[in-house]
>>> print(open('input_0.cif').read())   # mmCIF, C-alpha atoms
data_query
loop_
_atom_site.label_atom_id
_atom_site.label_comp_id
_atom_site.auth_asym_id
_atom_site.auth_seq_id
_atom_site.Cartn_x
_atom_site.Cartn_y
_atom_site.Cartn_z
CA MET W 690 0.00 0.00 0.00
CA SER W 691 2.72 2.48 0.94
CA ARG W 692 4.74 2.07 -2.28
CA SER W 693 2.24 3.53 -4.71
CA ARG W 694 0.59 5.98 -2.39
CA SER W 695 0.23 9.48 -3.83
CA ASP W 696 1.60 12.56 -2.10
CA ARG W 697 -1.98 13.59 -1.49
CA ALA W 698 -2.88 10.39 0.33
CA GLU W 699 0.41 10.54 2.22
CA LYS W 700 -0.31 14.08 3.47
CA LEU W 701 -3.88 13.17 4.40
CA LEU W 702 -2.63 10.24 6.44
CA GLU W 703 -0.08 12.42 8.24
CA LEU W 704 -2.80 14.83 9.25
CA ALA W 705 -5.33 12.16 10.11
CA ASP W 706 -2.85 10.19 12.21
CA ASP W 707 -1.79 13.34 14.07
CA GLU W 708 -5.39 14.18 14.89
CA LEU W 709 -6.35 10.61 15.84
CA VAL W 710 -3.37 10.01 18.11
CA LEU W 711 -3.52 13.43 19.76
CA GLY W 712 -7.26 12.95 20.20
CA TRP W 713 -6.48 9.78 22.13
CA ARG W 714 -3.84 11.50 24.22
CA ASN W 715 -6.11 14.44 25.01
CA SER W 716 -8.90 12.07 26.01
CA GLU W 717 -6.61 10.63 28.69
CA TRP W 718 -7.46 13.69 30.79
CA THR W 719 -11.14 12.75 30.78
CA GLY W 720 -12.12 12.21 34.40
CA ILE W 721 -8.77 13.22 35.90
CA ALA W 722 -7.98 16.76 34.67
CA PRO W 723 -6.98 19.28 37.38
CA TYR W 724 -10.52 20.63 37.48
CA LEU W 725 -13.88 20.00 35.88
CA GLU W 726 -13.73 22.74 33.25
CA GLU W 727 -10.47 21.39 31.87
CA ASP W 728 -11.78 17.85 32.01
CA VAL W 729 -14.61 18.98 29.75
CA ALA W 730 -12.35 21.12 27.55
CA PHE W 731 -9.84 18.36 26.82
CA SER W 732 -12.63 15.85 26.29
CA SER W 733 -14.27 18.19 23.76
CA ILE W 734 -10.99 18.90 22.01
CA ALA W 735 -10.33 15.16 21.83
CA GLN W 736 -13.75 14.58 20.33
CA ASN W 737 -13.15 17.28 17.71
CA GLU W 738 -9.72 15.90 16.79
CA ILE W 739 -11.04 12.39 16.31
CA GLY W 740 -13.87 13.79 14.17
CA HIS W 741 -11.30 15.58 12.02
CA ALA W 742 -9.28 12.38 11.77
CA ARG W 743 -12.35 10.52 10.56
CA ALA W 744 -13.07 13.06 7.81
CA LEU W 745 -9.41 13.02 6.71
CA TYR W 746 -9.29 9.20 6.69
CA GLU W 747 -12.43 9.15 4.56
CA LEU W 748 -10.78 11.35 1.93
CA ALA W 749 -7.67 9.17 1.97
CA ALA W 750 -9.73 5.96 1.95
CA ALA W 751 -11.65 7.04 -1.15
CA GLU W 752 -8.37 7.46 -2.97
CA LEU W 753 -6.74 4.29 -1.62
CA GLY W 754 -9.78 2.06 -2.11
CA THR W 755 -10.17 1.20 1.56
CA THR W 756 -12.21 2.43 4.54
CA ALA W 757 -11.63 5.05 7.21
CA ASP W 758 -11.79 2.42 9.96
CA GLU W 759 -9.26 0.24 8.17
CA LEU W 760 -6.85 3.18 7.96
CA ALA W 761 -7.45 4.34 11.52
CA LEU W 762 -7.30 0.99 13.26
CA GLY W 763 -6.19 -1.64 10.76
CA ARG W 764 -2.54 -0.70 10.27
CA GLU W 765 0.57 -1.79 12.13
CA PRO W 766 2.12 0.79 14.49
CA GLU W 767 5.09 1.39 12.18
CA GLU W 768 2.73 2.26 9.32
CA TYR W 769 1.34 5.28 11.14
CA ARG W 770 2.52 8.63 9.81
CA CYS W 771 1.90 10.76 12.91
CA ALA W 772 4.54 13.09 14.33
CA PRO W 773 6.19 11.70 17.48
CA LEU W 774 5.07 14.86 19.33
CA VAL W 775 1.49 13.60 19.46
CA GLU W 776 2.50 10.09 20.52
CA LEU W 777 4.02 11.05 23.87
CA ARG W 778 2.01 10.06 26.90
CA GLN W 779 2.33 12.87 29.37
CA LEU W 780 -0.19 13.31 32.09
CA GLU W 781 1.53 16.36 33.48
CA TRP W 782 -0.20 19.68 33.08
CA ALA W 783 2.64 21.97 31.95
CA ARG W 784 3.74 19.43 29.34
CA THR W 785 0.16 18.98 28.19
CA ILE W 786 -0.29 22.72 27.75
CA ALA W 787 3.11 23.05 26.06
CA ARG W 788 2.26 20.32 23.54
CA HIS W 789 -1.24 21.71 23.06
CA PHE W 790 0.19 25.14 22.22
CA LEU W 791 3.06 23.84 20.05
CA TYR W 792 0.79 21.48 18.13
CA GLU W 793 -2.18 23.79 17.66
CA THR W 794 0.10 26.54 16.37
CA ALA W 795 1.65 24.12 13.88
CA ASP W 796 -1.80 22.90 12.89
CA ALA W 797 -2.89 26.49 12.25
CA VAL W 798 0.03 27.06 9.86
CA ARG W 799 -0.72 23.78 8.10
CA ILE W 800 -4.46 24.44 7.81
CA GLU W 801 -3.85 27.91 6.38
CA ALA W 802 -1.74 26.32 3.65
CA LEU W 803 -4.34 23.60 2.99
CA LYS W 804 -7.16 26.13 2.69
CA GLU W 805 -5.28 27.47 -0.36
CA SER W 806 -5.07 24.01 -1.92
CA SER W 807 -6.21 23.65 -5.54
CA ASP W 808 -7.91 20.40 -4.52
CA PRO W 809 -11.47 21.49 -3.59
CA GLU W 810 -12.03 18.54 -1.25
CA ILE W 811 -8.92 19.33 0.74
CA ALA W 812 -9.51 23.10 0.78
CA GLY W 813 -13.14 22.57 1.84
CA LEU W 814 -12.26 20.16 4.62
CA ALA W 815 -9.47 22.44 5.86
CA ALA W 816 -11.92 25.36 6.09
CA LYS W 817 -14.43 23.20 7.92
CA VAL W 818 -11.92 21.82 10.39
CA ASP W 819 -10.48 25.28 11.02
CA ARG W 820 -13.78 26.53 12.43
CA GLU W 821 -13.37 24.11 15.33
CA GLU W 822 -9.61 24.42 15.55
CA VAL W 823 -9.88 28.14 16.21
CA TYR W 824 -11.41 27.32 19.61
CA HIS W 825 -8.57 24.92 20.38
CA ARG W 826 -6.06 27.69 19.64
CA ILE W 827 -7.92 30.17 21.80
CA HIS W 828 -7.93 27.61 24.61
CA ALA W 829 -4.20 26.91 24.18
CA ASP W 830 -3.36 30.64 24.03
CA MET W 831 -5.36 31.32 27.15
CA TRP W 832 -3.45 28.65 29.04
CA LEU W 833 -0.13 29.83 27.70
CA ASP W 834 -0.81 33.31 29.11
CA ARG W 835 -1.95 31.82 32.38
CA LEU W 836 1.22 29.75 32.84
CA GLN W 837 3.49 32.58 31.78
CA ALA W 838 1.89 34.94 34.31
CA SER W 839 3.57 33.32 37.33
CA ALA W 840 7.20 32.47 38.05
CA GLU W 841 6.44 28.83 38.72
CA GLY W 842 4.18 28.50 35.67
CA LEU W 843 6.83 30.09 33.49
CA ARG W 844 9.56 27.81 34.82
CA ARG W 845 7.49 24.68 34.30
CA LEU W 846 6.36 25.74 30.85
CA ARG W 847 9.94 26.49 29.87
CA GLU W 848 11.10 23.06 31.01
CA ALA W 849 8.25 21.41 29.12
CA VAL W 850 8.94 23.35 25.92
CA SER W 851 12.67 22.45 26.10
CA GLU W 852 11.84 18.81 26.48
CA LEU W 853 9.27 18.77 23.66
CA TRP W 854 11.11 21.06 21.26
CA PRO W 855 12.79 18.42 19.04
CA TYR W 856 9.47 16.61 18.72
CA ALA W 857 7.59 19.82 17.98
CA LEU W 858 10.07 20.65 15.21
CA GLY W 859 9.05 17.40 13.51
CA VAL W 860 5.38 18.28 13.00
CA LEU W 861 5.79 20.53 9.95
CA ASP W 862 7.99 20.08 6.92
CA GLU W 863 10.85 22.42 6.09
CA GLU W 864 8.64 24.62 3.97
CA LEU W 865 6.16 25.51 6.72
CA ARG W 866 8.42 25.16 9.77
CA PRO W 867 9.99 28.68 9.71
CA GLU W 868 6.56 30.34 9.89
CA TRP W 869 5.67 28.15 12.87
CA VAL W 870 8.96 28.96 14.66
CA GLU W 871 8.28 32.68 14.26
CA ARG W 872 4.78 32.37 15.70
CA ILE W 873 6.07 30.39 18.68
CA ARG W 874 8.89 32.88 19.24
CA GLY W 875 6.36 35.72 19.24
CA ARG W 876 4.35 34.12 22.04
CA LEU W 877 6.94 32.72 24.45
CA ARG W 878 8.54 34.93 27.09
CA PHE W 879 11.82 33.02 26.89
CA ASP W 880 14.36 32.10 24.24
CA LEU W 881 13.60 29.13 22.02
CA PRO W 882 15.52 25.94 22.79
CA GLU W 883 17.94 24.35 20.35
CA GLY W 884 17.38 20.98 18.79
CA ARG W 885 17.08 18.79 15.76
CA PRO W 886 13.66 17.58 14.60
CA VAL W 887 12.38 14.14 15.58
CA THR W 888 10.51 13.44 12.36
CA ARG W 889 7.62 11.26 11.23
CA ALA W 890 10.10 8.67 10.04
CA GLU W 891 10.63 7.74 13.70
CA HIS W 892 8.19 6.44 16.26
CA THR W 893 8.27 6.29 20.05
CA ASP W 894 7.52 3.32 22.31
CA ASP W 895 4.55 5.34 23.51
CA LEU W 896 2.89 4.85 20.11
CA ARG W 897 3.18 1.07 20.32
CA GLU W 898 1.53 1.14 23.74
CA LEU W 899 -1.25 3.43 22.54
CA TRP W 900 -1.79 1.28 19.45
CA GLU W 901 -2.23 -1.84 21.59
CA GLU W 902 -4.99 -0.11 23.50
CA MET W 903 -6.58 1.71 20.56
CA THR W 904 -6.86 -1.35 18.30
CA MET W 905 -7.56 -3.94 21.00
CA VAL W 906 -11.29 -4.29 20.39
CA ARG W 907 -10.94 -4.43 16.62
CA ARG W 908 -8.17 -7.02 16.80
CA SER W 909 -10.26 -9.15 19.16
CA ALA W 910 -12.77 -9.83 16.36
CA PRO W 911 -10.98 -9.80 13.00
CA GLY W 912 -13.24 -9.10 10.03
CA ALA W 913 -16.23 -8.10 12.14
CA ASN W 914 -18.54 -5.36 10.91
CA TRP W 915 -18.81 -2.50 13.38
CA MET L 205 -30.90 14.65 -3.82
CA SER L 206 -31.55 17.97 -2.11
CA ASP L 207 -34.00 19.52 -4.58
CA PRO L 208 -36.90 20.38 -2.27
CA ARG L 209 -39.44 20.58 -5.14
CA SER L 210 -39.57 16.91 -6.04
CA PRO L 211 -42.17 14.93 -4.06
CA ARG L 212 -39.58 12.58 -2.71
CA ALA L 213 -37.41 15.41 -1.45
CA SER L 214 -40.40 17.16 0.14
CA GLU L 215 -41.23 13.97 1.97
CA VAL L 216 -37.69 13.82 3.22
CA TRP L 217 -37.82 17.44 4.39
CA ALA L 218 -41.16 16.87 6.14
CA ALA L 219 -39.76 13.84 7.91
CA LEU L 220 -36.61 15.70 8.90
CA SER L 221 -38.62 18.53 10.40
CA GLU L 222 -39.93 16.01 12.91
CA ILE L 223 -36.56 14.60 13.85
CA PRO L 224 -35.11 16.31 16.89
CA ASP L 225 -31.41 16.98 17.13
CA PRO L 226 -30.12 14.12 19.29
CA GLU L 227 -28.23 16.44 21.63
CA ILE L 228 -30.73 19.32 21.73
CA PRO L 229 -34.23 17.85 21.30
CA VAL L 230 -35.93 21.29 21.25
CA ILE L 231 -34.69 21.85 17.70
CA SER L 232 -35.26 19.76 14.57
CA LEU L 233 -32.72 18.90 11.93
CA VAL L 234 -34.42 21.27 9.47
CA GLU L 235 -34.30 24.14 11.96
CA LEU L 236 -30.65 23.34 12.44
CA GLY L 237 -30.16 24.08 8.75
CA GLY L 238 -29.24 20.52 7.88
CA GLU L 239 -29.75 18.69 4.62
CA PRO L 240 -31.12 15.22 3.92
CA ASP L 241 -27.62 13.83 4.04
CA VAL L 242 -25.98 13.36 7.39
CA ARG L 243 -22.46 13.03 6.02
CA VAL L 244 -21.81 16.73 5.59
CA ILE L 245 -18.45 16.91 7.30
CA SER L 246 -16.23 16.96 4.23
CA ASP L 247 -17.33 20.31 2.87
CA ASP L 248 -17.63 23.82 4.16
CA SER L 249 -21.33 24.27 3.39
CA TRP L 250 -22.81 24.12 6.90
CA SER L 251 -22.18 26.82 9.42
CA SER L 252 -24.00 27.98 12.54
CA ASP L 253 -25.46 30.78 10.37
CA LYS L 254 -27.71 28.13 8.77
CA ILE L 255 -29.80 27.68 11.90
CA THR L 256 -33.23 29.08 11.01
CA PRO L 257 -34.87 31.98 12.93
CA GLU L 258 -37.40 29.48 14.37
CA GLY L 259 -34.55 27.24 15.46
CA ARG L 260 -32.71 30.14 17.08
CA GLU L 261 -35.80 31.20 19.03
CA LYS L 262 -36.39 27.64 20.25
CA LEU L 263 -32.80 27.42 21.43
CA ARG L 264 -33.08 30.72 23.27
CA ALA L 265 -36.38 29.70 24.89
CA ALA L 266 -34.66 26.52 26.11
CA GLY L 267 -31.93 28.60 27.80
CA LEU L 268 -29.32 28.04 25.11
CA ALA L 269 -27.99 31.27 23.63
CA PRO L 270 -27.97 31.02 19.80
CA PRO L 271 -24.63 31.49 18.02
CA ALA L 272 -23.46 34.95 17.02
CA PRO L 273 -23.32 35.50 13.23
CA ARG L 274 -20.11 34.48 11.49
CA GLU L 275 -17.73 37.23 10.59
CA ALA L 276 -15.10 37.48 7.89
CA SER L 277 -12.35 36.66 10.36
CA ALA L 278 -12.27 33.86 12.91
CA PRO L 279 -13.40 34.56 16.47
CA THR L 280 -10.75 35.63 18.98
CA LEU L 281 -10.44 35.32 22.74
CA VAL L 282 -10.94 39.07 23.06
CA GLN L 283 -14.27 38.78 21.24
CA LEU L 284 -15.40 35.83 23.34
CA GLN L 285 -14.52 37.74 26.49
CA SER L 286 -16.36 40.86 25.36
CA ALA L 287 -19.85 41.56 26.60
CA VAL L 288 -21.75 41.30 23.33
CA PHE L 289 -23.36 37.95 24.08
CA ARG L 290 -26.90 38.19 25.35
CA CYS L 291 -28.25 36.16 28.28
CA PRO L 292 -31.05 33.86 27.00
CA TYR L 293 -32.95 34.27 30.28
CA CYS L 294 -33.01 38.03 30.92
CA GLY L 295 -31.60 39.51 27.70
CA SER L 296 -28.75 41.32 29.45
CA LYS L 297 -25.45 41.72 27.63
CA HIS L 298 -23.64 41.88 30.94
CA THR L 299 -22.26 38.36 30.50
CA LYS L 300 -18.80 36.86 30.73
CA LEU L 301 -17.02 33.81 29.39
CA GLU L 302 -16.63 31.07 32.00
CA ASN L 303 -15.27 28.31 29.83
CA ILE L 304 -14.71 27.95 26.09
CA PHE L 305 -15.86 24.32 26.17
CA GLY L 306 -19.25 23.38 27.62
CA PRO L 307 -21.24 20.13 27.76
CA THR L 308 -20.59 19.51 24.06
CA PRO L 309 -17.78 20.81 21.81
CA CYS L 310 -20.18 23.28 20.13
CA ARG L 311 -21.15 25.13 23.31
CA SER L 312 -19.34 27.50 25.68
CA VAL L 313 -20.36 28.34 29.22
CA ARG L 314 -21.06 31.99 30.09
CA TYR L 315 -22.32 33.72 33.20
CA CYS L 316 -24.88 36.50 33.31
CA ALA L 317 -24.00 39.12 35.92
CA SER L 318 -27.49 40.66 35.72
CA CYS L 319 -29.61 37.62 36.61
CA ARG L 320 -26.69 35.62 38.06
CA GLN L 321 -27.41 32.67 35.87
CA PRO L 322 -24.82 30.56 34.08
CA PHE L 323 -25.91 29.65 30.55
CA GLU L 324 -24.70 27.81 27.49
CA GLN L 325 -23.67 29.84 24.48
CA PHE L 326 -23.56 28.19 21.08
CA LYS L 327 -20.27 28.70 19.31
CA THR L 328 -20.09 30.39 15.97
CA ILE L 329 -18.91 27.62 13.68
#
>>> encode(input="input_0.cif", output="structure tokens")
Amino acid sequence: MSRSRSDRAEKLLELADDELVLGWRNSEWTGIAPYLEEDVAFSSIAQNEIGHARALYELAAAELGTTADELALGREPEEYRCAPLVELRQLEWARTIARHFLYETADAVRIEALKESSDPEIAGLAAKVDREEVYHRIHADMWLDRLQASAEGLRRLREAVSELWPYALGVLDEELRPEWVERIRGRLRFDLPEGRPVTRAEHTDDLRELWEEMTMVRRSAPGANW
Amino acid sequence: MSDPRSPRASEVWAALSEIPDPEIPVISLVELGGEPDVRVISDDSWSSDKITPEGREKLRAAGLAPPAPREASAPTLVQLQSAVFRCPYCGSKHTKLENIFGPTPCRSVRYCASCRQPFEQFKTI
């Protein structure tokens, strides 16, 4: 399947896998977030991301002659095209907010580019998705300001950003990355860390673990209709 | 498929007008501005502006503030925090944002300082 895949399908899978895997990670706060409002917020964001993944998989599936479910849950872990940033399991608030901000900012740059696509299906879906993503960005921005307003918040955010930086660099390709870096620089009250991108060609052990959980039910009944 | 003049389409529309939205039963799918095709996600044709005036009034009467009209640019935090959103209970604009995400992804939670009532505000999507 991967040999003859078009660039279009490849890009759609990158996006869809990012949204699916991050949706799963965000949903891990359901029931245990620091307070109820954030429990609800991350659950809603997770639900949106998985909805976006579904729509993206459907576009890719139509081209690849398969189904959205097959793409989402029927591949081996090493076949996923997500950025390692979204794979990391991190139930720690500053890291969660740091990833949320770094990812949503990258997603905004990517969606802006896709809205200009000459492919009407992709441009249309990007515009649609963006109307929900704007609320994710507002939420991330609000939290970024909140953390940066106190010395402890700033210190913890800075540590989290340093740790995640190489992964965050791997979300966008070289063409879009500089725009993302400038937007991040404009928002953070500290200097950007150094680092080399951890790209989509690599995967973390966290993905394997997530995959086991995410595909467990489907693997328990091969060939079943859901 | 969506030509409302053909008998078949009109039957579909009539049936849809009786189907409540699963999350907000006070409003029907037609009032929500939907089409006889539930798989609408992959295009940009639906927005919260498509909710009909009847649908908006029913939402408000149920204590759910209807969405503000879409603007050329995307909403910002400053806008959401501004006091232009009207309380569905008392009509006051003296309301503030409590949380961007409410009981479902499409609703925010606001608080009315005039009648001291929290309420759900539909997002502009």
>>> resolve_selection(input="input_0.cif", expression="the PyMOL selection byres ((chain W) within 6 of (chain L))", output="PDB file with C-alpha atoms, keeping the file's coordinate frame")
ATOM      1  CA  ALA W 730     -12.350  21.120  27.550  1.00  0.00           C
ATOM      2  CA  SER W 733     -14.270  18.190  23.760  1.00  0.00           C
ATOM      3  CA  GLY W 813     -13.140  22.570   1.840  1.00  0.00           C
ATOM      4  CA  LEU W 814     -12.260  20.160   4.620  1.00  0.00           C
ATOM      5  CA  LYS W 817     -14.430  23.200   7.920  1.00  0.00           C
ATOM      6  CA  ARG W 820     -13.780  26.530  12.430  1.00  0.00           C
ATOM      7  CA  ILE W 827      -7.920  30.170  21.800  1.00  0.00           C
TER       8      ILE W 827
END
>>> residues_around(input="input_0.cif", residues="W:Leu853", least_positions_apart="3", cutoff="8 Å", atoms="all atoms listed in the file", output="ChimeraX atom specification")
/W:774,784,787-788,849-850,856-857
>>> residues_around(input="input_0.cif", residues="W:Ser695", least_positions_apart="5", cutoff="12 Å", atoms="only C-alpha atoms", output="list in words")
Met690, Lys700, Leu701, Leu702, Ala749, Glu752 and Leu753 of chain W
>>> residues_near_point(input="input_0.cif", point="(18.7, 21.3, 20.6)", cutoff="9 Å", atoms="only C-alpha atoms", output="PDB file with C-alpha atoms, in the coordinates of the input")
ATOM      1  CA  SER W 851      12.670  22.450  26.100  1.00  0.00           C
ATOM      2  CA  TRP W 854      11.110  21.060  21.260  1.00  0.00           C
ATOM      3  CA  PRO W 855      12.790  18.420  19.040  1.00  0.00           C
ATOM      4  CA  PRO W 882      15.520  25.940  22.790  1.00  0.00           C
ATOM      5  CA  GLU W 883      17.940  24.350  20.350  1.00  0.00           C
ATOM      6  CA  GLY W 884      17.380  20.980  18.790  1.00  0.00           C
ATOM      7  CA  ARG W 885      17.080  18.790  15.760  1.00  0.00           C
ATOM      8  CA  PRO W 886      13.660  17.580  14.600  1.00  0.00           C
TER       9      PRO W 886
END
>>> atom_distance(input="input_0.cif", atom1="atom CA of L:Leu263", atom2="atom CA of L:Gln285")
21.6 Å
>>> resolve_selection(input="input_0.cif", expression="the PyMOL selection byres ((chain L and resi 289) around 9)", output="PyMOL selection string")
chain L and resi 269+271-272+284+286-288+290-291+296-300+314+325
>>> residues_around(input="input_0.cif", residues="L:Glu261", least_positions_apart="5", cutoff="10 Å", atoms="only C-alpha atoms", output="list in words")
Ile231, Ile255, Thr256, Ala266, Gly267, Leu268, Ala269, Pro270 and Pro292 of chain L
>>> resolve_selection(input="input_0.cif", expression="the PyMOL selection byres ((chain W and resi 801) around 12)", output="JSON, numbers by chain")
{"W": [794, 795, 796, 797, 798, 799, 800, 802, 803, 804, 805, 806, 811, 812, 813, 814, 815, 816, 817, 818, 819, 820, 822, 823, 865, 868, 869]}
>>> atom_distance(input="input_0.cif", atom1="atom CA of W:Asn737", atom2="atom CA of W:Val710")
12.2 Å
>>> atom_distance(input="input_0.cif", atom1="atom CA of L:Leu220", atom2="atom CA of L:Leu233")
5.9 Å
>>> axis_aligned_box(input="input_0.cif", around="stretch 222-230 of chain L", padding_each_side="6 Å", output="lines of an AutoDock Vina configuration file")
center_x = -34.1
center_y = 17.7
center_z = 17.3
size_x = 23.7
size_y = 19.2
size_z = 20.8
